[in-house]
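**Student:** Got a structure for you, questions after.
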Amino acid sequence: MSSTTHTAAKTVLISGASVAGPALALWLHRYGFTPTVVERAPELRPGGYKVDIRGTAIEVCRRMGILDEIRANSTDMRGGSYVDDHGRTIGELPADIFGGRVEEDDELMRGDLARILYDRTRADVEYLFDDSIAALDEYTEDGGGVTVTFESGTVRRFDLVVGADGLHSHTRRLVFGEESRFKRHLGAYISIFTAPNHLGLDRWETYHALPGKLVCVYSSAGETDAKNLFVFSSPEELPYHHRDITAQRRHLTEAFTGGGWEIPRLLGHAADADDLYFDSIALIEMDRWSKGRVVLLGDAAHCSSPASGQGTGLALTGAYVLAGELARAGGDHRVAFERYEAHMRPGVKRNQKMAEGFVKEMTVGSKWKIKLRMLMVRTLPKTPWKNLIAKKIRDEIQAAANAVPLVDYAAPTAPGPTAGTTARPTVAA
């Protein structure tokens with residue numbers, strides 16, 4: 001095809017059914033588009049760590065109509081403590097200082113958020129589980145669409161395709177090239193999995209620091225089990241495939257073998273965990289997030305890593321902006337994709353920069369620095385300036401959480417040929 005005639009997009013294939021994908025599907029359906037979500041897993045993925053909803057993302061969730069459900073599933077964490085090799089408490093801090101949260105912030109488990117979004121969309125959105133995109137054709141033809149060949153062998157055509165399939169986005173690889181071109185390793189790895197709550201924690205986090213390593217065990221509200229979280233420094237990327245669970249368990253065990261406290265017992269649980277997550281703490285940095293009729297969303301476009309604590313918020317906000325711009329542009333993807341990128345990029349860069357600093361704080365490199373950290377943890381609650389220190393932490397995090405300004409889009413209407421292509425967003429006060 002060589003035609004450049006624009007046809008308003010109506011059908012949208014979204015790859016990925018975690019957070020960004022279903023959030024986008026919700027908004028697209030409201031605006032009159034027909035979204036389809038394809039997910040490689042046979043069902044919603046359980047597990048994951050706790051995720052924060054802050055700043056702009058709070059209002060986005062309110063407009064989605066899911067904020068009350070999010071708060072009903074709150075982790076309700078009370079605080080945390082650091083312990084030494086013998087399990088003795090070194091110091092305790094309340095949750096607001098540990099997480100840098102303000103009263104309006106929310107926190108819940110990633111799996112709970114995915115379920116909330118799926119429940120809100122499954123009656124209106126087509127979900128294709130246990131399948132994935134095998135090939136994309138004609139995605140650069142403005143006058144046509146995208147012919148999608150699925151792994152199942154099915155071939156269908158969509159007006160647009162959205163890659164919301166995470167750090168290791170298959171959609172990104174098919175359209176933009178190999179992951180190594182865009183991924184920047186920040187020098188550390190993270191792993192988390194569910195295990196028995198043998199420490200008897202109740203809405204509490206327990207940390208144990210070693211040089212270049214950090215272990216955390218926590219249990220949130222309503223949970224009978226616990227999450228075991230490991231972080232360790234590794235200047236070079238480790239050799240394994242991101243779907244090779246056996247290799248991931250091996251790397252985790254090798255990194256923490258010889259550690260004290262409860263580490264041997266916690267590593268034992270990793271061998272049986274069916275929800276083990278292990279990955280590089282990394283950024284995705286791209287010059288463009290779209291090519292023709294394909295666009296990337298969330299971690300696939302601009303992963304800010306778990307170190308930022310903002311990946312979920314950026315995914316929710318990005319879904320809101322992308323859908324809003326498509327509706328404003330009457331389905332003209334060329335206009336919408338450009339505006340979506342322009343609006344999101346400054347906030348993304350701010351959060352990625354913050355992640356680079358925070359990852360170093362997660363993996364303190366020497367024993368004397370750990371001792372200094374523990375001294376601060378022990379004495380901070382007793383110091384008169386503790387509120388000033390807590391405020392400084394919260395201000396930095398909140399500035400990043402609000403770095404993407406909220407846009408008030410027009411009331412949802414079905415996409416038309418070229419409606420709204422000259423209108424500009426208005427930023428809410």
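Identifiers in this document derive from the order of the structure tokens: chains are assigned A, B, ..., residues are numbered from 1 separately in each chain, and ligands are numbered from 1 in order of occurrence.
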Residues at most 8 Å from stretch 212-226 of chain A, counting only C-alpha atoms, excluding those fewer than 3 positions away in the same chain, as an MDAnalysis selection string?
**Tutor:** chainID A and resid 74:77 194:197 201:209 229:233 263 362:366
**Student:** Need the shell around stretch 13-27 of chain A: protein/DNA/RNA residues with any atom at most 7 Å away, counting only C-alpha atoms. Skip same-chain ones fewer than 3 positions apart. Format as number ranges by chain?
**Tutor:** A: 30-31, 35-39, 114, 117-118, 121, 125, 158, 160-165, 297-298, 315-316, 319-320, 323
**Student:** Using N, CA and C atoms, can you write the selected residues to a file as a compact mmCIF listing (two decimals), in the first residue's frame?
**Tutor:**
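Written file, part-v5.txt:
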```
# COMPACT_ATOMS: atom_id res chain seq x y z
N ARG A 30 -14.38 4.00 26.72
CA ARG A 30 -15.21 5.16 27.06
C ARG A 30 -15.26 6.18 25.93
N TYR A 31 -14.16 6.27 25.17
CA TYR A 31 -14.10 7.24 24.08
C TYR A 31 -14.66 6.70 22.77
N PRO A 35 -11.20 -1.67 21.82
CA PRO A 35 -9.91 -2.25 22.19
C PRO A 35 -9.97 -3.77 22.36
N THR A 36 -8.87 -4.41 22.03
CA THR A 36 -8.65 -5.83 22.28
C THR A 36 -7.33 -5.96 23.01
N VAL A 37 -7.29 -6.77 24.06
CA VAL A 37 -6.07 -6.96 24.85
C VAL A 37 -5.60 -8.39 24.68
N VAL A 38 -4.34 -8.56 24.27
CA VAL A 38 -3.75 -9.89 24.17
C VAL A 38 -2.70 -10.05 25.25
N GLU A 39 -2.69 -11.22 25.90
CA GLU A 39 -1.78 -11.48 27.02
C GLU A 39 -1.18 -12.87 26.87
N ALA A 114 -4.14 -5.07 39.11
CA ALA A 114 -4.43 -5.72 37.83
C ALA A 114 -5.83 -6.33 37.83
N LEU A 117 -8.55 -3.57 37.52
CA LEU A 117 -8.65 -3.07 36.15
C LEU A 117 -9.31 -4.09 35.23
N TYR A 118 -8.98 -5.35 35.42
CA TYR A 118 -9.57 -6.39 34.59
C TYR A 118 -11.07 -6.51 34.86
N THR A 121 -13.08 -3.92 33.09
CA THR A 121 -13.04 -3.86 31.63
C THR A 121 -13.51 -5.14 30.94
N VAL A 125 -14.41 -5.27 26.96
CA VAL A 125 -13.17 -5.38 26.20
C VAL A 125 -12.89 -6.84 25.89
N PHE A 158 -5.93 -4.53 12.66
CA PHE A 158 -6.32 -3.49 13.60
C PHE A 158 -5.86 -2.14 13.07
N LEU A 160 -4.71 0.29 15.05
CA LEU A 160 -3.52 0.65 15.83
C LEU A 160 -3.10 -0.53 16.69
N VAL A 161 -1.83 -0.55 17.06
CA VAL A 161 -1.30 -1.54 18.00
C VAL A 161 -0.55 -0.80 19.09
N VAL A 162 -0.78 -1.18 20.34
CA VAL A 162 -0.11 -0.57 21.49
C VAL A 162 0.68 -1.64 22.23
N GLY A 163 1.96 -1.41 22.40
CA GLY A 163 2.79 -2.31 23.19
C GLY A 163 2.81 -1.84 24.63
N ALA A 164 2.07 -2.57 25.49
CA ALA A 164 2.06 -2.29 26.93
C ALA A 164 2.57 -3.52 27.65
N ASP A 165 3.61 -4.12 27.09
CA ASP A 165 4.09 -5.42 27.54
C ASP A 165 5.42 -5.36 28.28
N LEU A 297 3.66 2.01 25.52
CA LEU A 297 3.05 2.58 26.71
C LEU A 297 3.67 1.98 27.96
N GLY A 298 3.81 2.78 29.00
CA GLY A 298 4.31 2.28 30.28
C GLY A 298 5.76 1.84 30.19
N ALA A 315 2.41 4.54 34.23
CA ALA A 315 1.63 3.69 33.35
C ALA A 315 0.17 4.13 33.33
N LEU A 316 -0.39 4.39 34.51
CA LEU A 316 -1.79 4.82 34.60
C LEU A 316 -1.99 6.19 33.95
N ALA A 319 -1.64 5.95 30.11
CA ALA A 319 -2.84 5.39 29.48
C ALA A 319 -3.91 6.45 29.34
N TYR A 320 -4.07 7.26 30.38
CA TYR A 320 -5.05 8.35 30.36
C TYR A 320 -4.72 9.37 29.27
N ALA A 323 -5.04 7.74 25.51
CA ALA A 323 -6.44 7.61 25.10
C ALA A 323 -7.08 8.97 24.89
```
**Student:** If you run DSSP on this backbone, which residues of stretch 61-236 of chain A come out as strand (DSSP E or B), and could you give them as a PyMOL selection string?
**Tutor:** chain A and resi 79-83+89-94+106-109+126-129+133-137+146-150+155-158+160-163+183-196+204-210+213-219+225-233
**Student:** Return the single residue from A:Glu237, A:Arg184, A:Leu28, A:Ile192 that is closest to A:Ser305, with distances computed using only C-alpha atoms.
**Tutor:**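 Residue with the minimum atom-to-atom distance to A:Ser305: A:Arg184.
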**Student:** Between A:Arg45, A:Arg122, A:Arg339, A:Lys50, which has the minimum distance to A:Lys227 (counting only C-alpha atoms)?
**Tutor:**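 Nearest candidate to A:Lys227 out of A:Arg45, A:Arg122, A:Arg339, A:Lys50: A:Lys50.
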**Student:** Using only C-alpha atoms, which residue out of A:Phe33, A:Phe337, A:Phe176, A:Tyr82 lies closest to A:Ala300?
**Tutor:** A:Phe176
**Student:** Going by DSSP on the backbone, which residues of stretch 231-335 of chain A come out as helix (DSSP H, G or I)? List them as a PyMOL selection string.
**Tutor:** chain A and resi 245-256+263-270+299-302+311-328+333-335
**Student:** Go ahead and write the residues just picked, C-alpha atoms, as a PDB file, in the first residue's frame.
**Tutor:**
```pdb
ATOM      1  CA  ILE A 245      13.298 -19.159  36.066  1.00  0.00           C
ATOM      2  CA  THR A 246      15.932 -21.810  36.884  1.00  0.00           C
ATOM      3  CA  ALA A 247      18.757 -19.427  36.002  1.00  0.00           C
ATOM      4  CA  GLN A 248      17.095 -16.629  37.949  1.00  0.00           C
ATOM      5  CA  ARG A 249      16.893 -18.769  41.097  1.00  0.00           C
ATOM      6  CA  ARG A 250      20.548 -19.705  40.630  1.00  0.00           C
ATOM      7  CA  HIS A 251      21.702 -16.091  40.336  1.00  0.00           C
ATOM      8  CA  LEU A 252      19.652 -15.094  43.388  1.00  0.00           C
ATOM      9  CA  THR A 253      21.065 -17.928  45.490  1.00  0.00           C
ATOM     10  CA  GLU A 254      24.639 -17.243  44.399  1.00  0.00           C
ATOM     11  CA  ALA A 255      24.304 -13.547  45.271  1.00  0.00           C
ATOM     12  CA  PHE A 256      23.113 -14.180  48.845  1.00  0.00           C
ATOM     13  CA  ILE A 263      18.587 -15.342  54.514  1.00  0.00           C
ATOM     14  CA  PRO A 264      19.144 -19.136  54.142  1.00  0.00           C
ATOM     15  CA  ARG A 265      15.526 -19.811  55.112  1.00  0.00           C
ATOM     16  CA  LEU A 266      14.225 -17.129  52.775  1.00  0.00           C
ATOM     17  CA  LEU A 267      16.274 -18.495  49.884  1.00  0.00           C
ATOM     18  CA  GLY A 268      14.784 -21.905  50.581  1.00  0.00           C
ATOM     19  CA  HIS A 269      11.330 -20.481  49.902  1.00  0.00           C
ATOM     20  CA  ALA A 270      12.538 -19.149  46.537  1.00  0.00           C
ATOM     21  CA  ASP A 299       7.484   0.291  30.941  1.00  0.00           C
ATOM     22  CA  ALA A 300       7.675  -0.765  27.294  1.00  0.00           C
ATOM     23  CA  ALA A 301       8.247   2.874  26.348  1.00  0.00           C
ATOM     24  CA  HIS A 302      10.008   4.363  29.356  1.00  0.00           C
ATOM     25  CA  GLY A 311       6.345   2.997  37.246  1.00  0.00           C
ATOM     26  CA  THR A 312       2.719   2.206  38.031  1.00  0.00           C
ATOM     27  CA  GLY A 313       1.764   5.873  38.297  1.00  0.00           C
ATOM     28  CA  LEU A 314       3.412   6.641  34.954  1.00  0.00           C
ATOM     29  CA  ALA A 315       1.627   3.691  33.346  1.00  0.00           C
ATOM     30  CA  LEU A 316      -1.786   4.823  34.605  1.00  0.00           C
ATOM     31  CA  THR A 317      -1.159   8.440  33.660  1.00  0.00           C
ATOM     32  CA  GLY A 318       0.249   7.482  30.268  1.00  0.00           C
ATOM     33  CA  ALA A 319      -2.835   5.386  29.483  1.00  0.00           C
ATOM     34  CA  TYR A 320      -5.049   8.352  30.364  1.00  0.00           C
ATOM     35  CA  VAL A 321      -3.039  10.741  28.175  1.00  0.00           C
ATOM     36  CA  LEU A 322      -2.721   8.389  25.191  1.00  0.00           C
ATOM     37  CA  ALA A 323      -6.443   7.607  25.101  1.00  0.00           C
ATOM     38  CA  GLY A 324      -7.364  11.243  25.656  1.00  0.00           C
ATOM     39  CA  GLU A 325      -5.151  12.435  22.829  1.00  0.00           C
ATOM     40  CA  LEU A 326      -6.530   9.799  20.456  1.00  0.00           C
ATOM     41  CA  ALA A 327     -10.052  10.957  21.277  1.00  0.00           C
ATOM     42  CA  ARG A 328      -9.115  14.634  20.969  1.00  0.00           C
ATOM     43  CA  HIS A 333      -2.838   8.591  15.457  1.00  0.00           C
ATOM     44  CA  ARG A 334      -0.213  10.865  13.899  1.00  0.00           C
ATOM     45  CA  VAL A 335      -1.443  13.864  15.873  1.00  0.00           C
TER      46      VAL A 335
END
```
**Student:** Counting only C-alpha atoms, which residue out of A:Gly87, A:Gly144, A:Gly65, A:Gly187 sits closest to A:Gly357?
**Tutor:**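 For A:Gly357, the nearest of the given residues is A:Gly187.
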**Student:** Under the rule that only C-alpha atoms are counted, which of A:Met344, A:Phe150, A:Leu113, A:Thr89 is the nearest residue to A:Pro405?
**Tutor:**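 That would be A:Met344, the residue with the smallest distance to A:Pro405.
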**Student:** Could you check the closest approach to A:Tyr127 for each of A:Gly55, A:Gly32, A:Pro42, A:Gly80 and tell me which residue wins, using only C-alpha atoms?
**Tutor:**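 Answer, going by the shortest atom-to-atom distance: A:Pro42.
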**Student:** As a VMD selection string, please: the residues near A:Glu356 (cut-off 12 Å, only C-alpha atoms, same-chain neighbours under 3 positions excluded).
**Tutor:** chain A and resid 184 to 188 281 to 283 304 to 309 349 to 353 359 to 363
**Student:** Please, what distance in Å, to one decimal, runs between atom CA of A:Met286 and atom CA of A:Glu338?
**Tutor:**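 Straight-line distance from atom CA of A:Met286 to atom CA of A:Glu338 works out to 14.0 Å.
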